[in-house]
Every structure is written in structure tokens, then in C-alpha cells.
Amino acid sequence: ASRAMPRLGGVAVLRAGRRGAGARAKEQLPVSRRSMTYRVFGQGSGSAAELTCGSHIVRTDVPKSLGGRDTAAQPVELLIAALMGCETATATYVGRHMKPRLRLRRIAFEYSAERNDAGAQELPIEQKPQHEARLTAIRGTAHVHLAAGAVETSDRIALLQELVEQRCPVASTLRAGGCEMAIRWVLAP
């Protein structure tokens, strides 16, 4: 059995019970001490940008009606895409750790986002806009498809959604910015 050892500088240290000569102390970092750093490099010209995320190139632009050339997805569209990607990865992780395991095949997303255009385009440009330039809501449905032979209930899909919402960094960031998340996860037929 393990027994708790004193905290050293805010870090809890656990010592494994004597199960042989190879027993070692295990260090557990509190969640608040863990951090990930994401680095993105890039450059923009006009309304378009080319960014490097690790070994991947991402391009953004805006529609011609907004002064762009419409050569790539809009940055806000990529934010919604990032939410979908983050929820997919988080759902896979969460499903693997649920008891019993929830076996996913894929998730099909249908999301739309809303924002008040006045926040970004309000003039005169020197004055603070009366509306914030942010997404106000993301609405839609995530259709959860199970792995072959897997059987789940709608209650377990609701639990999966709740656990994903608690752990998805992109969703947490959007909520912290005041974005309403009106998303429903459903079991696909």
C-alpha cells in the first residue's frame, strides 16, 4: 500500500510500499503545476496569414466581401474547427478512461457560431466599440458514432459530453470568454 509523505514545496510525494528492493518514491504534480506550451509562428500580409504549427502549415483569409481574397478559411472558422478537433481528441481520451470504456468510432459535428459584427467593424476605429468583438454563441449537434459492436445509452453519451466539456481546453477558453455553448451530443443511429 502507498502512504502519503509530506509536501515538499507544494508537491505531494508518495512513497510506494515495500514490495521489493526496487520500490521507488513517486512524485505526483498537482494539476495546477502542469502546463503545456503551444508555439505557433507565422506572418500575415493584407488579410491573409500563413502560420506554422509544429510541422503543419495553416492558412487563413477572409471573404472578398470583407476585403480578403477568400484563399483560405476565416480565423473564426478555424476556431470552431479547433473546438471540434479538441472535443474529438478529448472525447477519445475520456471514453478510454470511462468505466466501462466508451468505444468511439467517430463524432460528426454540425456547429454554427454567432457574433455581433459591430464589435469588429464599428467606426470610428479610434473609439472603443460598443459591442465586444467575440463569439457570443456556438450552437449545434455532435453525433456520436460508436465502434462496431459497442452499445451505449443516451445517458452515457450525456456523461461523455459533460466530461469532455470539463476537460476540453478550447471549449473552456470559449466559455471563459463569455461564449454560450449550446451544443447537444446525441447517439448516432
# chains A, B, ... in the order shown; residues from 1 in each chain; ligands from 1
>>> residues_around(residues="Leu163 in chain A", least_positions_apart="6", cutoff="12 Å", atoms="only C-alpha atoms", output="mmCIF file with N, CA, C and O atoms, in the first residue's frame")
data_model
loop_
_atom_site.group_PDB
_atom_site.id
_atom_site.type_symbol
_atom_site.label_atom_id
_atom_site.label_comp_id
_atom_site.auth_asym_id
_atom_site.auth_seq_id
_atom_site.Cartn_x
_atom_site.Cartn_y
_atom_site.Cartn_z
ATOM 1 N N GLU A 87 -12.580 18.660 -29.074
ATOM 2 C CA GLU A 87 -13.611 17.798 -28.489
ATOM 3 C C GLU A 87 -13.441 16.350 -28.935
ATOM 4 O O GLU A 87 -13.647 15.425 -28.150
ATOM 5 N N THR A 90 -10.420 14.981 -26.979
ATOM 6 C CA THR A 90 -10.778 14.859 -25.567
ATOM 7 C C THR A 90 -11.772 13.728 -25.359
ATOM 8 O O THR A 90 -11.661 12.963 -24.395
ATOM 9 N N ALA A 91 -12.746 13.580 -26.263
ATOM 10 C CA ALA A 91 -13.732 12.501 -26.152
ATOM 11 C C ALA A 91 -13.063 11.134 -26.261
ATOM 12 O O ALA A 91 -13.431 10.194 -25.541
ATOM 13 N N THR A 92 -12.084 11.017 -27.126
ATOM 14 C CA THR A 92 -11.357 9.751 -27.262
ATOM 15 C C THR A 92 -10.648 9.410 -25.956
ATOM 16 O O THR A 92 -10.716 8.282 -25.464
ATOM 17 N N TYR A 93 -9.982 10.399 -25.377
ATOM 18 C CA TYR A 93 -9.287 10.202 -24.101
ATOM 19 C C TYR A 93 -10.277 9.854 -22.987
ATOM 20 O O TYR A 93 -10.081 8.899 -22.234
ATOM 21 N N VAL A 94 -11.351 10.638 -22.881
ATOM 22 C CA VAL A 94 -12.345 10.426 -21.824
ATOM 23 C C VAL A 94 -13.003 9.052 -21.984
ATOM 24 O O VAL A 94 -13.124 8.299 -21.013
ATOM 25 N N GLY A 95 -13.435 8.721 -23.207
ATOM 26 C CA GLY A 95 -14.092 7.440 -23.450
ATOM 27 C C GLY A 95 -13.222 6.262 -23.067
ATOM 28 O O GLY A 95 -13.702 5.266 -22.506
ATOM 29 N N HIS A 97 -11.096 6.190 -20.698
ATOM 30 C CA HIS A 97 -10.949 6.109 -19.243
ATOM 31 C C HIS A 97 -12.275 5.954 -18.495
ATOM 32 O O HIS A 97 -12.267 5.830 -17.273
ATOM 33 N N MET A 98 -13.390 6.002 -19.213
ATOM 34 C CA MET A 98 -14.680 5.787 -18.553
ATOM 35 C C MET A 98 -14.787 4.317 -18.152
ATOM 36 O O MET A 98 -14.190 3.441 -18.765
ATOM 37 N N ARG A 156 -25.185 7.746 -21.068
ATOM 38 C CA ARG A 156 -23.716 7.664 -21.116
ATOM 39 C C ARG A 156 -23.147 8.673 -22.110
ATOM 40 O O ARG A 156 -22.077 9.225 -21.887
ATOM 41 N N ILE A 157 -23.867 8.960 -23.190
ATOM 42 C CA ILE A 157 -23.421 9.981 -24.143
ATOM 43 C C ILE A 157 -23.492 11.349 -23.475
ATOM 44 O O ILE A 157 -22.597 12.185 -23.645
ATOM 45 N N ALA A 171 -12.934 24.502 -25.543
ATOM 46 C CA ALA A 171 -14.272 24.801 -25.021
ATOM 47 C C ALA A 171 -14.182 25.629 -23.749
ATOM 48 O O ALA A 171 -14.939 26.594 -23.569
ATOM 49 N N SER A 172 -13.247 25.287 -22.872
ATOM 50 C CA SER A 172 -13.076 26.053 -21.627
ATOM 51 C C SER A 172 -12.699 27.494 -21.911
ATOM 52 O O SER A 172 -13.192 28.416 -21.257
ATOM 53 N N TRP A 185 -24.976 16.674 -27.608
ATOM 54 C CA TRP A 185 -24.348 15.440 -28.073
ATOM 55 C C TRP A 185 -25.418 14.363 -28.106
ATOM 56 O O TRP A 185 -26.150 14.177 -27.138
#
>>> select_by_dssp(residues="range 39-134 of chain A", states="helix (DSSP H, G or I)", output="PyMOL selection string")
chain A and resi 64-66+75-97+118-121
>>> atom_distance(atom1="CA of Asp61 in chain A", atom2="CA of Thr141 in chain A")
26.4 Å
>>> closest_atom_pairs(of="range 26-136 of chain A", to="range 144-150 of chain A", cutoff="10 Å", atoms="only C-alpha atoms", output="JSON lines")
{"residue": "A:Thr88", "atom": "CA", "partner": "A:Val144", "partner_atom": "CA", "distance": 9.9}
{"residue": "A:Ala91", "atom": "CA", "partner": "A:Val144", "partner_atom": "CA", "distance": 9.7}
{"residue": "A:Arg101", "atom": "CA", "partner": "A:Ala150", "partner_atom": "CA", "distance": 9.8}
{"residue": "A:Leu102", "atom": "CA", "partner": "A:Ala150", "partner_atom": "CA", "distance": 8.0}
{"residue": "A:Arg103", "atom": "CA", "partner": "A:Ala147", "partner_atom": "CA", "distance": 5.5}
{"residue": "A:Leu104", "atom": "CA", "partner": "A:Leu146", "partner_atom": "CA", "distance": 4.4}
{"residue": "A:Arg105", "atom": "CA", "partner": "A:Ala147", "partner_atom": "CA", "distance": 4.4}
{"residue": "A:Arg106", "atom": "CA", "partner": "A:His145", "partner_atom": "CA", "distance": 5.2}
{"residue": "A:Ile107", "atom": "CA", "partner": "A:Val144", "partner_atom": "CA", "distance": 4.6}
{"residue": "A:Ala108", "atom": "CA", "partner": "A:Val144", "partner_atom": "CA", "distance": 6.6}
{"residue": "A:Phe109", "atom": "CA", "partner": "A:Val144", "partner_atom": "CA", "distance": 8.8}
>>> write_last_selection(atoms="N, CA, C and O atoms", output="PDB file, in the first residue's frame")
ATOM      1  N   THR A  88     -13.040  16.138 -30.187  1.00  0.00           N
ATOM      2  CA  THR A  88     -12.798  14.781 -30.677  1.00  0.00           C
ATOM      3  C   THR A  88     -11.670  14.112 -29.889  1.00  0.00           C
ATOM      4  O   THR A  88     -11.817  12.986 -29.399  1.00  0.00           O
ATOM      5  N   ALA A  91     -12.746  13.580 -26.263  1.00  0.00           N
ATOM      6  CA  ALA A  91     -13.732  12.501 -26.152  1.00  0.00           C
ATOM      7  C   ALA A  91     -13.063  11.134 -26.261  1.00  0.00           C
ATOM      8  O   ALA A  91     -13.431  10.194 -25.541  1.00  0.00           O
ATOM      9  N   ARG A 101     -15.438   1.257 -20.420  1.00  0.00           N
ATOM     10  CA  ARG A 101     -14.906   2.063 -21.518  1.00  0.00           C
ATOM     11  C   ARG A 101     -15.998   2.371 -22.545  1.00  0.00           C
ATOM     12  O   ARG A 101     -16.803   1.510 -22.877  1.00  0.00           O
ATOM     13  N   LEU A 102     -16.014   3.608 -23.037  1.00  0.00           N
ATOM     14  CA  LEU A 102     -16.944   4.015 -24.093  1.00  0.00           C
ATOM     15  C   LEU A 102     -16.160   3.998 -25.399  1.00  0.00           C
ATOM     16  O   LEU A 102     -15.227   4.779 -25.572  1.00  0.00           O
ATOM     17  N   ARG A 103     -16.518   3.085 -26.291  1.00  0.00           N
ATOM     18  CA  ARG A 103     -15.744   2.860 -27.518  1.00  0.00           C
ATOM     19  C   ARG A 103     -16.304   3.692 -28.674  1.00  0.00           C
ATOM     20  O   ARG A 103     -17.348   3.385 -29.214  1.00  0.00           O
ATOM     21  N   LEU A 104     -15.573   4.738 -29.025  1.00  0.00           N
ATOM     22  CA  LEU A 104     -15.982   5.644 -30.095  1.00  0.00           C
ATOM     23  C   LEU A 104     -15.425   5.203 -31.445  1.00  0.00           C
ATOM     24  O   LEU A 104     -14.303   4.707 -31.527  1.00  0.00           O
ATOM     25  N   ARG A 105     -16.195   5.445 -32.492  1.00  0.00           N
ATOM     26  CA  ARG A 105     -15.684   5.286 -33.854  1.00  0.00           C
ATOM     27  C   ARG A 105     -15.365   6.657 -34.418  1.00  0.00           C
ATOM     28  O   ARG A 105     -14.301   6.896 -34.967  1.00  0.00           O
ATOM     29  N   ARG A 106     -16.335   7.597 -34.283  1.00  0.00           N
ATOM     30  CA  ARG A 106     -16.120   8.961 -34.760  1.00  0.00           C
ATOM     31  C   ARG A 106     -17.214   9.858 -34.190  1.00  0.00           C
ATOM     32  O   ARG A 106     -18.196   9.378 -33.637  1.00  0.00           O
ATOM     33  N   ILE A 107     -17.012  11.156 -34.343  1.00  0.00           N
ATOM     34  CA  ILE A 107     -18.030  12.141 -33.968  1.00  0.00           C
ATOM     35  C   ILE A 107     -18.224  13.050 -35.173  1.00  0.00           C
ATOM     36  O   ILE A 107     -17.256  13.582 -35.716  1.00  0.00           O
ATOM     37  N   ALA A 108     -19.472  13.201 -35.594  1.00  0.00           N
ATOM     38  CA  ALA A 108     -19.804  14.098 -36.710  1.00  0.00           C
ATOM     39  C   ALA A 108     -20.407  15.371 -36.127  1.00  0.00           C
ATOM     40  O   ALA A 108     -21.372  15.315 -35.374  1.00  0.00           O
ATOM     41  N   PHE A 109     -19.810  16.509 -36.453  1.00  0.00           N
ATOM     42  CA  PHE A 109     -20.211  17.790 -35.874  1.00  0.00           C
ATOM     43  C   PHE A 109     -20.982  18.639 -36.880  1.00  0.00           C
ATOM     44  O   PHE A 109     -20.645  18.659 -38.069  1.00  0.00           O
TER      45      PHE A 109
END
>>> residues_around(residues="range 73-77 of chain A", least_positions_apart="2", cutoff="9 Å", atoms="only C-alpha atoms", output="PyMOL selection string")
chain A and resi 48+59-63+70-71+79-82+113+135
>>> write_last_selection(atoms="N, CA, C and O atoms", output="mmCIF file, in the first residue's frame")
data_model
loop_
_atom_site.group_PDB
_atom_site.id
_atom_site.type_symbol
_atom_site.label_atom_id
_atom_site.label_comp_id
_atom_site.auth_asym_id
_atom_site.auth_seq_id
_atom_site.Cartn_x
_atom_site.Cartn_y
_atom_site.Cartn_z
ATOM 1 N N ALA A 48 -4.585 37.935 -45.263
ATOM 2 C CA ALA A 48 -4.219 36.523 -45.224
ATOM 3 C C ALA A 48 -3.011 36.301 -44.309
ATOM 4 O O ALA A 48 -2.180 37.188 -44.119
ATOM 5 N N ARG A 59 -3.312 28.189 -43.117
ATOM 6 C CA ARG A 59 -3.519 29.468 -43.798
ATOM 7 C C ARG A 59 -4.890 30.021 -43.417
ATOM 8 O O ARG A 59 -5.831 29.264 -43.219
ATOM 9 N N THR A 60 -4.972 31.336 -43.322
ATOM 10 C CA THR A 60 -6.251 32.000 -43.061
ATOM 11 C C THR A 60 -6.425 33.152 -44.033
ATOM 12 O O THR A 60 -5.447 33.689 -44.569
ATOM 13 N N ASP A 61 -7.660 33.520 -44.259
ATOM 14 C CA ASP A 61 -8.003 34.681 -45.074
ATOM 15 C C ASP A 61 -9.438 35.054 -44.707
ATOM 16 O O ASP A 61 -10.057 34.385 -43.881
ATOM 17 N N VAL A 62 -9.937 36.098 -45.283
ATOM 18 C CA VAL A 62 -11.330 36.481 -45.089
ATOM 19 C C VAL A 62 -11.986 36.588 -46.460
ATOM 20 O O VAL A 62 -11.299 36.697 -47.485
ATOM 21 N N PRO A 63 -13.313 36.561 -46.524
ATOM 22 C CA PRO A 63 -14.014 36.648 -47.809
ATOM 23 C C PRO A 63 -13.727 37.958 -48.539
ATOM 24 O O PRO A 63 -13.353 38.963 -47.931
ATOM 25 N N ASP A 70 -10.287 35.435 -50.069
ATOM 26 C CA ASP A 70 -11.015 34.177 -49.875
ATOM 27 C C ASP A 70 -10.185 32.970 -50.310
ATOM 28 O O ASP A 70 -10.683 32.044 -50.945
ATOM 29 N N THR A 71 -8.888 32.969 -49.938
ATOM 30 C CA THR A 71 -7.991 31.879 -50.321
ATOM 31 C C THR A 71 -7.892 30.788 -49.266
ATOM 32 O O THR A 71 -7.265 29.757 -49.506
ATOM 33 N N LEU A 79 -11.285 28.609 -35.482
ATOM 34 C CA LEU A 79 -11.558 28.494 -34.048
ATOM 35 C C LEU A 79 -12.648 27.448 -33.805
ATOM 36 O O LEU A 79 -12.531 26.606 -32.912
ATOM 37 N N ILE A 80 -13.692 27.477 -34.613
ATOM 38 C CA ILE A 80 -14.762 26.478 -34.486
ATOM 39 C C ILE A 80 -14.217 25.092 -34.839
ATOM 40 O O ILE A 80 -14.522 24.101 -34.164
ATOM 41 N N ALA A 81 -13.400 25.016 -35.878
ATOM 42 C CA ALA A 81 -12.769 23.750 -36.246
ATOM 43 C C ALA A 81 -11.863 23.248 -35.118
ATOM 44 O O ALA A 81 -11.821 22.047 -34.826
ATOM 45 N N ALA A 82 -11.157 24.166 -34.458
ATOM 46 C CA ALA A 82 -10.303 23.785 -33.321
ATOM 47 C C ALA A 82 -11.154 23.211 -32.192
ATOM 48 O O ALA A 82 -10.757 22.247 -31.532
ATOM 49 N N ALA A 113 -21.611 29.396 -35.368
ATOM 50 C CA ALA A 113 -21.238 30.372 -34.344
ATOM 51 C C ALA A 113 -21.843 31.719 -34.684
ATOM 52 O O ALA A 113 -22.059 32.038 -35.855
ATOM 53 N N LEU A 135 -17.092 35.821 -30.218
ATOM 54 C CA LEU A 135 -18.219 34.934 -30.459
ATOM 55 C C LEU A 135 -19.158 35.023 -29.265
ATOM 56 O O LEU A 135 -18.709 35.024 -28.111
#
>>> closest_residue(among="A:Met84, A:Val170, A:Ile183, A:Val40", to="Gly54 in chain A", atoms="only C-alpha atoms")
A:Val40
>>> select_by_dssp(residues="range 77-175 of chain A", states="strand (DSSP E or B)", output="ChimeraX atom specification")
/A:104-115,135-146
>>> residues_around(residues="range 114-117 of chain A", least_positions_apart="4", cutoff="8 Å", atoms="only C-alpha atoms", output="JSON, numbers by chain")
{"A": [121, 122, 131, 132, 133, 134, 135, 136, 137, 138]}
>>> atom_distance(atom1="CA of Arg167 in chain A", atom2="CA of Val151 in chain A")
24.0 Å
>>> atom_distance(atom1="CA of Leu66 in chain A", atom2="CA of Leu123 in chain A")
14.8 Å
